[in-house]
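Shown next: start_7.cif, containing mmCIF, C-alpha atoms.
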```
data_target
loop_
_atom_site.label_atom_id
_atom_site.label_comp_id
_atom_site.auth_asym_id
_atom_site.auth_seq_id
_atom_site.Cartn_x
_atom_site.Cartn_y
_atom_site.Cartn_z
CA MET A 1 37.00 144.28 -28.23
CA GLN A 2 37.31 140.79 -29.65
CA PHE A 3 37.63 137.40 -28.08
CA ASP A 4 41.41 136.95 -27.83
CA VAL A 5 42.18 133.24 -28.20
CA ALA A 6 45.89 133.67 -27.40
CA PHE A 7 45.02 135.50 -24.20
CA ALA A 8 42.46 132.85 -23.33
CA LEU A 9 45.09 130.13 -23.72
CA SER A 10 47.52 132.09 -21.54
CA THR A 11 45.01 132.01 -18.67
CA VAL A 12 44.67 128.22 -18.76
CA PRO A 13 47.64 127.39 -16.46
CA THR A 14 46.59 129.88 -13.78
CA ILE A 15 42.98 128.71 -13.74
CA LEU A 16 43.92 125.04 -13.97
CA GLY A 17 46.26 125.63 -11.03
CA ALA A 18 43.19 126.01 -8.84
CA ILE A 19 41.68 122.67 -9.88
CA GLY A 20 43.05 121.14 -6.68
CA MET A 21 41.01 123.58 -4.62
CA THR A 22 37.89 122.84 -6.68
CA LEU A 23 38.33 119.08 -6.27
CA LEU A 24 39.08 119.44 -2.55
CA VAL A 25 35.91 121.46 -1.99
CA ALA A 26 33.89 118.99 -4.04
CA ALA A 27 35.30 115.91 -2.31
CA VAL A 28 34.87 117.26 1.22
CA SER A 29 31.35 118.45 0.43
CA CYS A 30 30.37 115.09 -1.10
CA VAL A 31 31.54 113.22 2.00
CA GLY A 32 29.98 115.81 4.32
CA ALA A 33 26.67 115.86 2.47
CA SER A 34 26.46 112.05 2.40
CA ALA A 35 27.25 111.72 6.10
CA ILE A 36 24.83 114.44 7.18
CA GLY A 37 22.20 113.25 4.71
CA PHE A 38 22.36 109.66 5.97
CA GLY A 39 22.13 110.89 9.56
CA LEU A 40 19.15 113.08 8.71
CA GLU A 41 17.38 110.21 6.99
CA LEU A 42 17.92 107.90 9.97
CA ILE A 43 16.50 110.55 12.32
CA ARG A 44 13.58 111.14 9.98
CA ARG A 45 12.74 107.43 9.89
CA SER A 46 12.92 107.10 13.65
CA GLY A 47 9.90 109.37 13.86
CA GLY A 48 9.00 111.39 16.92
CA LEU A 49 9.63 115.09 17.33
CA GLY A 50 13.17 114.86 15.97
CA GLY A 51 11.89 113.07 12.89
CA LEU A 52 9.26 115.73 12.32
CA PHE A 53 11.84 118.49 12.66
CA VAL A 54 14.25 116.83 10.24
CA ARG A 55 11.41 116.29 7.80
CA PHE A 56 10.69 120.01 7.83
CA LEU A 57 14.40 120.87 7.64
CA ILE A 58 14.85 118.73 4.52
CA ASP A 59 11.81 120.33 2.88
CA PHE A 60 13.10 123.75 3.86
CA ILE A 61 16.55 123.15 2.39
CA ARG A 62 15.06 121.88 -0.85
CA ALA A 63 12.87 124.97 -1.22
CA THR A 64 15.68 127.52 -0.80
CA PRO A 65 18.64 128.45 -3.04
CA VAL A 66 22.15 127.27 -2.24
CA LEU A 67 23.54 130.76 -2.88
CA VAL A 68 21.34 132.18 -0.11
CA TRP A 69 22.47 129.44 2.27
CA LEU A 70 26.08 130.37 1.59
CA TYR A 71 25.37 134.05 2.25
CA CYS A 72 23.50 133.12 5.41
CA LEU A 73 26.35 131.09 6.86
CA TYR A 74 28.98 133.54 5.67
CA PHE A 75 27.35 136.59 7.20
CA ILE A 76 25.42 135.17 10.14
CA LEU A 77 28.06 132.90 11.73
CA PRO A 78 30.61 135.71 12.32
CA PHE A 79 27.79 137.79 13.80
CA TYR A 80 27.66 135.20 16.58
CA GLY A 81 31.44 135.17 16.88
CA ILE A 82 31.99 131.98 14.85
CA ARG A 83 34.80 132.76 12.41
CA LEU A 84 35.52 129.80 10.17
CA GLY A 85 36.91 131.46 7.06
CA ALA A 86 35.40 131.40 3.59
CA LEU A 87 36.65 127.95 2.59
CA ALA A 88 35.29 126.12 5.66
CA THR A 89 32.05 128.09 5.54
CA GLY A 90 31.60 127.21 1.89
CA MET A 91 32.25 123.52 2.41
CA ILE A 92 29.88 123.42 5.38
CA GLY A 93 27.29 125.26 3.30
CA LEU A 94 27.50 122.84 0.37
CA SER A 95 27.51 119.82 2.73
CA LEU A 96 24.44 121.04 4.59
CA TYR A 97 22.57 122.06 1.47
CA TYR A 98 23.12 118.85 -0.47
CA SER A 99 22.52 116.69 2.61
CA GLY A 100 18.85 117.59 2.14
CA TYR A 101 18.92 116.12 -1.36
CA LEU A 102 20.99 113.08 -0.42
CA ALA A 103 18.62 112.31 2.47
CA GLU A 104 15.86 111.96 -0.15
CA VAL A 105 18.10 109.66 -2.19
CA PHE A 106 18.83 107.53 0.88
CA LYS A 107 15.12 107.42 1.63
CA ALA A 108 14.35 106.01 -1.81
CA GLY A 109 17.23 103.56 -1.46
CA ILE A 110 16.04 102.27 1.90
CA ASP A 111 12.39 102.16 0.83
CA ALA A 112 13.38 99.89 -2.04
CA ILE A 113 14.82 97.25 0.29
CA PRO A 114 12.24 94.51 0.90
CA ASN A 115 10.72 94.46 4.39
CA GLY A 116 11.95 90.91 4.90
CA GLN A 117 15.55 92.12 5.15
CA GLY A 118 14.90 94.17 8.27
CA GLU A 119 12.71 91.45 9.74
CA ALA A 120 15.34 88.78 9.07
CA ALA A 121 18.02 90.93 10.68
CA ARG A 122 15.88 91.32 13.77
CA ALA A 123 15.07 87.62 13.82
CA LEU A 124 18.80 86.93 13.78
CA GLY A 125 19.12 89.12 16.84
CA LEU A 126 21.10 91.94 15.17
CA GLY A 127 21.02 95.24 17.00
CA ARG A 128 19.83 98.47 15.43
CA ILE A 129 23.33 99.65 14.54
CA ASP A 130 24.49 96.27 13.17
CA MET A 131 21.35 96.03 11.09
CA THR A 132 21.83 99.53 9.67
CA VAL A 133 25.52 99.09 8.90
CA PHE A 134 25.62 95.49 7.67
CA VAL A 135 22.18 94.83 6.23
CA ILE A 136 20.53 98.10 5.19
CA ALA A 137 23.44 100.34 4.13
CA PRO A 138 25.13 97.94 1.65
CA GLN A 139 21.87 97.17 -0.13
CA MET A 140 20.87 100.80 -0.08
CA LEU A 141 24.15 101.89 -1.68
CA ARG A 142 23.57 99.49 -4.55
CA ASN A 143 20.09 100.89 -5.10
CA ILE A 144 21.19 104.50 -5.14
CA ALA A 145 24.57 104.50 -6.90
CA ALA A 146 23.12 106.36 -9.89
CA PRO A 147 21.21 109.22 -8.19
CA MET A 148 23.98 109.62 -5.63
CA GLY A 149 26.52 110.00 -8.41
CA ASN A 150 24.30 112.61 -10.06
CA TYR A 151 24.26 114.66 -6.87
CA PHE A 152 28.03 114.36 -6.57
CA VAL A 153 28.28 115.91 -10.00
CA SER A 154 25.81 118.60 -8.88
CA ILE A 155 28.06 119.34 -5.90
CA LEU A 156 31.05 119.63 -8.22
CA LYS A 157 29.10 122.08 -10.35
CA ALA A 158 28.13 124.04 -7.24
CA THR A 159 31.74 124.57 -6.12
CA PRO A 160 32.10 127.77 -8.21
CA TYR A 161 29.47 129.34 -5.93
CA LEU A 162 32.29 129.59 -3.42
CA ALA A 163 33.93 132.20 -5.66
CA VAL A 164 31.22 134.53 -4.34
CA LEU A 165 32.78 134.10 -0.89
CA ALA A 166 36.25 134.77 -2.38
CA VAL A 167 37.48 131.17 -2.15
CA PRO A 168 40.32 130.83 -4.67
CA GLU A 169 38.87 127.94 -6.70
CA MET A 170 38.79 127.95 -10.49
CA LEU A 171 36.05 130.54 -11.03
CA GLY A 172 37.63 132.74 -8.33
CA ARG A 173 40.96 132.56 -10.15
CA ALA A 174 39.25 133.45 -13.42
CA PHE A 175 37.76 136.53 -11.77
CA ASP A 176 41.17 137.48 -10.34
CA ILE A 177 42.59 137.46 -13.86
CA ALA A 178 39.58 139.39 -15.14
CA SER A 179 39.92 142.15 -12.58
CA GLU A 180 43.65 142.50 -13.27
CA THR A 181 43.32 142.63 -17.06
CA TYR A 182 39.79 144.01 -17.47
CA ARG A 183 39.09 141.12 -19.81
CA TYR A 184 36.26 138.97 -18.51
CA ALA A 185 35.15 136.83 -21.43
CA GLU A 186 38.36 134.87 -21.92
CA PRO A 187 39.18 133.65 -18.39
CA LEU A 188 35.50 132.94 -17.66
CA THR A 189 35.13 130.91 -20.86
CA VAL A 190 38.25 128.94 -19.98
CA ALA A 191 36.91 128.25 -16.48
CA GLY A 192 33.56 127.22 -17.95
CA LEU A 193 35.15 124.78 -20.40
CA ILE A 194 37.35 123.23 -17.70
CA PHE A 195 34.30 122.74 -15.49
CA LEU A 196 32.31 121.24 -18.35
CA GLY A 197 35.14 118.82 -19.12
CA LEU A 198 35.49 117.89 -15.47
CA ALA A 199 31.74 117.34 -15.02
CA LEU A 200 31.52 115.15 -18.14
CA LEU A 201 34.59 113.17 -17.10
CA ILE A 202 33.32 112.52 -13.61
CA SER A 203 29.79 111.62 -14.69
CA HIS A 204 31.32 109.16 -17.16
CA ALA A 205 33.47 107.65 -14.41
CA ILE A 206 30.46 107.37 -12.11
CA LYS A 207 28.46 105.62 -14.83
CA ARG A 208 31.23 103.05 -15.24
CA LEU A 209 31.48 102.53 -11.51
CA GLU A 210 27.74 102.11 -11.36
CA ASN A 211 27.77 99.39 -14.03
CA ARG A 212 30.51 97.65 -12.06
CA LEU A 213 28.52 97.88 -8.84
CA MET A 214 25.39 96.50 -10.42
CA GLY A 215 27.42 93.66 -11.85
CA PRO A 216 25.45 90.67 -13.11
CA THR A 217 22.19 92.07 -11.74
CA ALA A 218 22.39 95.06 -14.08
CA ARG A 219 19.02 95.89 -15.49
CA MET B 220 15.41 148.43 10.80
CA SER B 221 12.21 146.65 11.65
CA ILE B 222 11.39 143.18 10.36
CA LEU B 223 8.55 144.69 8.36
CA GLU B 224 10.88 147.09 6.55
CA ILE B 225 13.23 144.19 5.77
CA TRP B 226 10.38 142.18 4.29
CA LEU B 227 9.14 145.12 2.26
CA GLY B 228 12.69 145.67 0.99
CA ILE B 229 13.08 142.04 -0.07
CA LEU B 230 9.62 142.07 -1.61
CA GLN B 231 10.75 144.87 -3.96
CA GLY B 232 12.94 142.27 -5.61
CA PHE B 233 10.13 139.77 -6.08
CA ARG B 234 9.10 141.23 -9.43
CA VAL B 235 12.52 140.51 -10.95
CA THR B 236 12.63 137.02 -9.40
CA ALA B 237 9.22 136.28 -10.90
CA LEU B 238 10.09 137.80 -14.29
CA VAL B 239 13.33 135.85 -14.65
CA THR B 240 11.45 132.67 -13.75
CA LEU B 241 8.73 133.42 -16.28
CA TYR B 242 11.10 134.37 -19.11
CA GLY B 243 13.26 131.41 -18.14
CA LEU B 244 10.28 129.13 -18.77
CA VAL B 245 9.89 130.70 -22.22
CA PHE B 246 13.32 129.22 -23.01
CA ALA B 247 13.09 126.06 -20.92
CA ILE B 248 9.78 124.61 -22.14
CA PRO B 249 10.44 124.68 -25.91
CA PHE B 250 14.05 123.57 -25.42
CA GLY B 251 13.08 120.68 -23.15
CA LEU B 252 10.29 119.53 -25.44
CA ILE B 253 12.08 119.85 -28.76
CA PHE B 254 15.41 118.45 -27.66
CA GLY B 255 13.87 115.70 -25.57
CA VAL B 256 11.77 114.53 -28.52
CA ALA B 257 14.73 114.96 -30.88
CA GLN B 258 16.95 112.83 -28.69
CA TYR B 259 14.25 110.16 -28.62
CA MET B 260 13.59 110.17 -32.35
CA THR B 261 17.07 110.54 -33.83
CA THR B 262 19.86 108.02 -34.26
CA GLY B 263 23.51 108.12 -35.30
CA PRO B 264 25.27 111.45 -35.93
CA ALA B 265 22.06 113.48 -35.55
CA ARG B 266 21.55 112.06 -32.08
CA PHE B 267 25.15 112.87 -31.21
CA VAL B 268 24.63 116.52 -32.15
CA VAL B 269 21.37 116.73 -30.15
CA THR B 270 22.98 115.05 -27.15
CA SER B 271 25.99 117.36 -27.31
CA ILE B 272 23.82 120.47 -27.22
CA ILE B 273 21.79 119.10 -24.31
CA GLU B 274 24.93 118.12 -22.41
CA PHE B 275 26.47 121.55 -22.93
CA TRP B 276 23.53 123.25 -21.24
CA ARG B 277 22.96 120.56 -18.65
CA SER B 278 26.49 119.66 -17.59
CA SER B 279 27.98 123.13 -17.40
CA ALA B 280 28.06 124.91 -14.06
CA VAL B 281 25.17 127.34 -14.43
CA ILE B 282 26.84 130.14 -12.46
CA ILE B 283 29.78 130.12 -14.89
CA LEU B 284 27.50 129.89 -17.94
CA LEU B 285 25.73 132.99 -16.69
CA PHE B 286 28.96 134.95 -16.31
CA VAL B 287 30.37 133.71 -19.62
CA PHE B 288 27.29 134.73 -21.59
CA TYR B 289 26.95 137.98 -19.68
CA TYR B 290 30.53 139.02 -20.49
CA ALA B 291 31.20 137.19 -23.78
CA LEU B 292 28.06 137.86 -25.81
CA PRO B 293 28.82 141.59 -26.13
CA LEU B 294 32.18 140.63 -27.67
CA ALA B 295 30.27 138.70 -30.31
CA GLY B 296 28.31 141.86 -31.03
CA LEU B 297 25.22 140.66 -29.20
CA ALA B 298 24.31 143.25 -26.60
CA LEU B 299 21.47 141.60 -24.70
CA SER B 300 20.05 142.91 -21.46
CA ALA B 301 21.07 141.22 -18.22
CA MET B 302 17.47 140.04 -17.94
CA THR B 303 17.49 138.33 -21.35
CA VAL B 304 20.87 136.69 -20.80
CA SER B 305 19.83 135.44 -17.36
CA ALA B 306 16.51 134.08 -18.60
CA MET B 307 18.22 132.37 -21.52
CA VAL B 308 21.02 130.76 -19.50
CA LEU B 309 18.88 129.67 -16.56
CA GLY B 310 16.08 128.60 -18.89
CA LEU B 311 18.24 126.52 -21.20
CA ASN B 312 20.03 124.93 -18.25
CA ILE B 313 16.73 123.79 -16.75
CA GLY B 314 15.49 122.97 -20.24
CA GLY B 315 18.44 120.61 -20.59
CA TYR B 316 17.32 118.76 -17.48
CA ALA B 317 13.71 118.82 -18.66
CA SER B 318 14.71 117.32 -22.02
CA GLN B 319 16.09 114.29 -20.18
CA ALA B 320 12.77 113.89 -18.39
CA VAL B 321 10.89 114.16 -21.69
CA ARG B 322 13.15 111.57 -23.31
CA ALA B 323 13.00 109.21 -20.32
CA GLY B 324 9.21 109.56 -20.23
CA LEU B 325 8.96 108.65 -23.91
CA GLN B 326 11.33 105.72 -23.56
CA ALA B 327 9.45 104.37 -20.55
CA LEU B 328 6.24 103.97 -22.51
CA ASP B 329 5.20 100.48 -23.47
CA ARG B 330 6.25 99.71 -27.04
CA GLY B 331 2.74 98.46 -27.68
CA GLN B 332 1.52 102.05 -27.65
CA LYS B 333 3.56 102.94 -30.70
CA GLU B 334 2.85 99.63 -32.41
CA ALA B 335 -0.87 100.01 -31.87
CA GLY B 336 -0.64 103.45 -33.46
CA HIS B 337 1.14 101.99 -36.47
CA ALA B 338 -1.41 99.21 -36.70
CA LEU B 339 -4.16 101.83 -36.81
CA GLY B 340 -2.37 103.44 -39.73
CA LEU B 341 -1.48 106.64 -37.90
CA SER B 342 1.50 108.63 -39.09
CA ARG B 343 4.65 108.80 -36.93
CA SER B 344 3.97 112.44 -36.01
CA THR B 345 0.38 111.70 -35.03
CA ILE B 346 1.55 108.81 -32.86
CA LEU B 347 4.07 111.09 -31.19
CA LEU B 348 1.71 114.01 -30.64
CA ARG B 349 -1.51 112.18 -29.83
CA ILE B 350 -0.33 108.98 -28.16
CA GLU B 351 3.23 109.12 -26.87
CA LEU B 352 3.77 112.71 -25.73
CA PRO B 353 0.55 113.14 -23.73
CA GLN B 354 1.26 110.01 -21.70
CA ALA B 355 4.96 110.79 -21.26
CA LEU B 356 4.36 114.39 -20.20
CA VAL B 357 1.70 113.45 -17.66
CA ALA B 358 3.90 110.70 -16.24
CA MET B 359 6.84 113.10 -15.89
CA SER B 360 4.86 116.08 -14.57
CA PRO B 361 6.16 115.75 -10.98
CA THR B 362 9.69 115.99 -12.38
CA PHE B 363 8.79 119.13 -14.34
CA ILE B 364 7.34 120.71 -11.21
CA ASN B 365 10.58 119.91 -9.39
CA GLN B 366 12.52 121.55 -12.16
CA LEU B 367 10.37 124.64 -11.89
CA ILE B 368 11.46 124.89 -8.25
CA GLN B 369 15.08 124.50 -9.34
CA LEU B 370 14.56 127.37 -11.78
CA VAL B 371 13.06 129.66 -9.12
CA LYS B 372 15.98 128.90 -6.84
CA ALA B 373 18.51 129.43 -9.62
CA THR B 374 17.15 132.94 -10.20
CA SER B 375 19.02 133.98 -7.05
CA LEU B 376 22.10 133.92 -9.29
CA VAL B 377 20.92 136.93 -11.28
CA SER B 378 21.82 139.07 -8.28
CA LEU B 379 25.42 138.50 -9.40
CA VAL B 380 24.81 140.12 -12.79
CA THR B 381 23.29 143.33 -11.37
CA LEU B 382 19.59 142.41 -11.52
CA THR B 383 17.69 143.58 -8.44
CA ASP B 384 15.96 140.37 -7.45
CA MET B 385 15.14 139.33 -3.86
CA THR B 386 18.72 138.21 -3.14
CA PHE B 387 20.16 141.45 -4.54
CA ARG B 388 17.77 143.51 -2.42
CA ALA B 389 18.72 141.58 0.71
CA LYS B 390 22.40 142.18 0.05
CA GLU B 391 21.71 145.88 -0.52
CA ILE B 392 19.78 146.19 2.70
CA SER B 393 22.46 144.39 4.69
CA GLN B 394 25.07 146.77 3.31
CA ILE B 395 23.12 149.79 4.50
CA GLU B 396 22.30 148.28 7.83
CA TYR B 397 24.62 145.71 9.37
CA ASP B 398 22.02 143.32 10.66
CA PRO B 399 22.59 140.07 8.75
CA VAL B 400 20.61 137.69 10.95
CA PRO B 401 17.05 138.93 10.31
CA ILE B 402 17.83 140.00 6.74
CA TYR B 403 19.22 136.70 5.49
CA THR B 404 16.78 134.54 7.47
CA SER B 405 13.96 136.57 5.95
CA LEU B 406 15.46 135.99 2.52
CA LEU B 407 15.58 132.22 3.09
CA LEU B 408 11.98 132.32 4.29
CA ALA B 409 10.92 134.38 1.27
CA TYR B 410 12.22 131.72 -1.13
CA PHE B 411 10.63 129.02 1.03
CA ILE B 412 7.26 130.76 0.85
CA VAL B 413 7.51 130.89 -2.94
CA CYS B 414 8.83 127.37 -3.52
CA TYR B 415 7.22 125.24 -0.83
CA PRO B 416 3.63 125.48 -2.13
CA VAL B 417 4.94 124.44 -5.55
CA ALA B 418 6.69 121.46 -3.94
CA LEU B 419 3.50 120.46 -2.12
CA PHE B 420 1.58 120.75 -5.39
CA GLY B 421 4.19 118.52 -7.01
CA ARG B 422 3.72 115.89 -4.32
CA TRP B 423 -0.04 116.04 -4.74
CA VAL B 424 0.35 115.51 -8.50
CA GLU B 425 2.73 112.63 -7.85
CA ARG B 426 0.19 110.95 -5.55
CA ARG B 427 -2.52 111.40 -8.16
CA ILE B 428 -0.39 109.83 -10.88
CA ASN B 429 1.24 107.16 -8.78
CA PRO B 430 -1.12 106.08 -6.04
CA ALA B 431 -0.07 103.41 -3.57
CA ARG B 432 3.58 102.73 -3.58
CA GLU B 433 4.14 102.70 0.13
CA ALA B 434 5.72 99.68 1.76
CA ARG B 435 8.89 100.68 3.41
CA CYS B 436 11.54 98.80 5.25
CA ALA B 437 11.59 99.67 8.92
CA VAL B 438 14.96 101.03 9.97
#
```
Would you encode the structure as structure tokens?
Amino acid sequence: MQFDVAFALSTVPTILGAIGMTLLVAAVSCVGASAIGFGLELIRRSGGLGGLFVRFLIDFIRATPVLVWLYCLYFILPFYGIRLGALATGMIGLSLYYSGYLAEVFKAGIDAIPNGQGEAARALGLGRIDMTVFVIAPQMLRNIAAPMGNYFVSILKATPYLAVLAVPEMLGRAFDIASETYRYAEPLTVAGLIFLGLALLISHAIKRLENRLMGPTAR
Amino acid sequence: MSILEIWLGILQGFRVTALVTLYGLVFAIPFGLIFGVAQYMTTGPARFVVTSIIEFWRSSAVIILLFVFYYALPLAGLALSAMTVSAMVLGLNIGGYASQAVRAGLQALDRGQKEAGHALGLSRSTILLRIELPQALVAMSPTFINQLIQLVKATSLVSLVTLTDMTFRAKEISQIEYDPVPIYTSLLLAYFIVCYPVALFGRWVERRINPAREARCAV
């Protein structure tokens, strides 16, 4: 058997047709992971028992594979009667998993803000929430645009894991074609190239956005 | 099935997990070193070629790369074992990330180091091997340890190409016995037990290299 270029090209429309699903999963997971990650980091900083637990949770997430987390959620949740479907389970899995990484990014971003900022906010009589939203978060986002963008690209590259749960994203489509035609190399190569292109495109876009954000203070 | 039997079952896959990690390093370390140095030393078209190769391995989704090479290499007449293909793909993917750490470490060095070497009449290769690389590699060692953890976690993917690693064993066991909760939690814990000590070691190394950079903003 040889690599059939014509056949490979014929699979492009079908696989590309699932790009919407891939982008949806990636976008939802990025938002989910950022929200959960920021929440986790705030709990961790507040200390106490909750902080200690979150600290362990983040370490635990970072020391375990994302694939195993997806299996865990996919097989364990229904066991307790929670039926969410593969797509929702997958997006929750990616959000939870990458929240552990984004919490670390937020930590570095907040640590880099000078102490005086928090003290000034308190001196001005800002409450905890106002201080977090209006003083800490905007400065933090500037500090972490680059690593956060990198993790967004990582999330994009993790979306094909959902094919394992039979979510019809691009890799899933490629496998559908493969099992119908018994030709694996061509559709998988096409899916791989589309993902590579997408990842390069998005990391380029993030780099440009980052330069914009840094503006005149760019290092 | 008792918890002990589950653990023994998962443990049967540890050998493959460890082997893929080890063979993966055989690919990752030379690739990271050579391409990282090459990206640092080259300019113009040569640098473009080096960067392209690095980006291919680094920016592709590793799960798709694994499938593509597993199914496409035989078409090219290269019948490699699942173990070799997995080690190569996972290794070169991590090696791509490592190369960026090598390059960044070299670029972060004070220019005076290289200039002092020149002033002493040392050749470019001696400067690189005896002055620049040792400092860069030590400075980046926490990053390399992190990447080792990423590699261990990525080995869970080889369960998808028929290798009987820990993840594969867990899936097998849960197919025989429908009891997903203890099986998949044990699997998560198994990876945690392998990876967490490495993470702690990484933090210890980081503290040794980078003492005293605590001064955080209170949020």
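Checking A:Leu52, A:Ile194, A:Ile19, A:Ile82 one by one against chain B, counting all atoms listed in the file, you find the shortest gap at A:Ile194.
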Enumerate, as JSON, numbers by chain, the residues matched when the PyMOL selection byres ((chain A) within 7 of (chain B)) is run on the file above.
-> {"A": [1, 2, 3, 45, 60, 63, 64, 65, 67, 68, 72, 75, 76, 110, 111, 113, 114, 115, 118, 157, 158, 184, 185, 188, 189, 192, 195, 196, 199, 200]}
With the file shown as input, list the residues that the PyMOL selection byres ((chain A and resi 88-95) around 9) selects, as number ranges by chain.
-> A: 25-26, 28-37, 66, 69-70, 72-74, 77, 83-87, 96-100, 155, 158-159, 161-162, 165, 167
Please produce a file of those selected residues containing C-alpha atoms, as a compact mmCIF listing (two decimals), in the coordinates of the input.
```txt
# COMPACT_ATOMS: atom_id res chain seq x y z
CA VAL A 25 35.91 121.46 -1.99
CA ALA A 26 33.89 118.99 -4.04
CA VAL A 28 34.87 117.26 1.22
CA SER A 29 31.35 118.45 0.43
CA CYS A 30 30.37 115.09 -1.10
CA VAL A 31 31.54 113.22 2.00
CA GLY A 32 29.98 115.81 4.32
CA ALA A 33 26.67 115.86 2.47
CA SER A 34 26.46 112.05 2.40
CA ALA A 35 27.25 111.72 6.10
CA ILE A 36 24.83 114.44 7.18
CA GLY A 37 22.20 113.25 4.71
CA VAL A 66 22.15 127.27 -2.24
CA TRP A 69 22.47 129.44 2.27
CA LEU A 70 26.08 130.37 1.59
CA CYS A 72 23.50 133.12 5.41
CA LEU A 73 26.35 131.09 6.86
CA TYR A 74 28.98 133.54 5.67
CA LEU A 77 28.06 132.90 11.73
CA ARG A 83 34.80 132.76 12.41
CA LEU A 84 35.52 129.80 10.17
CA GLY A 85 36.91 131.46 7.06
CA ALA A 86 35.40 131.40 3.59
CA LEU A 87 36.65 127.95 2.59
CA LEU A 96 24.44 121.04 4.59
CA TYR A 97 22.57 122.06 1.47
CA TYR A 98 23.12 118.85 -0.47
CA SER A 99 22.52 116.69 2.61
CA GLY A 100 18.85 117.59 2.14
CA ILE A 155 28.06 119.34 -5.90
CA ALA A 158 28.13 124.04 -7.24
CA THR A 159 31.74 124.57 -6.12
CA TYR A 161 29.47 129.34 -5.93
CA LEU A 162 32.29 129.59 -3.42
CA LEU A 165 32.78 134.10 -0.89
CA VAL A 167 37.48 131.17 -2.15
```
Find the residue from A:Gln117, A:Ala163, A:Ala103, A:Tyr71 that sits nearest to Thr132 of chain A; use only C-alpha atoms when measuring.
->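 Comparing A:Gln117, A:Ala163, A:Ala103, A:Tyr71 against Thr132 of chain A, the winner is A:Gln117.
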Between atom CA of Tyr101 of chain A and atom CA of Val245 of chain B - distance in Å to one decimal | 27.0 Å
Please evaluate the PyMOL selection byres ((chain B and resi 308) around 9) against the structure above and give the resulting residues as number ranges by chain.
-> B: 243, 246, 276, 281, 284-285, 288, 303-307, 309-313
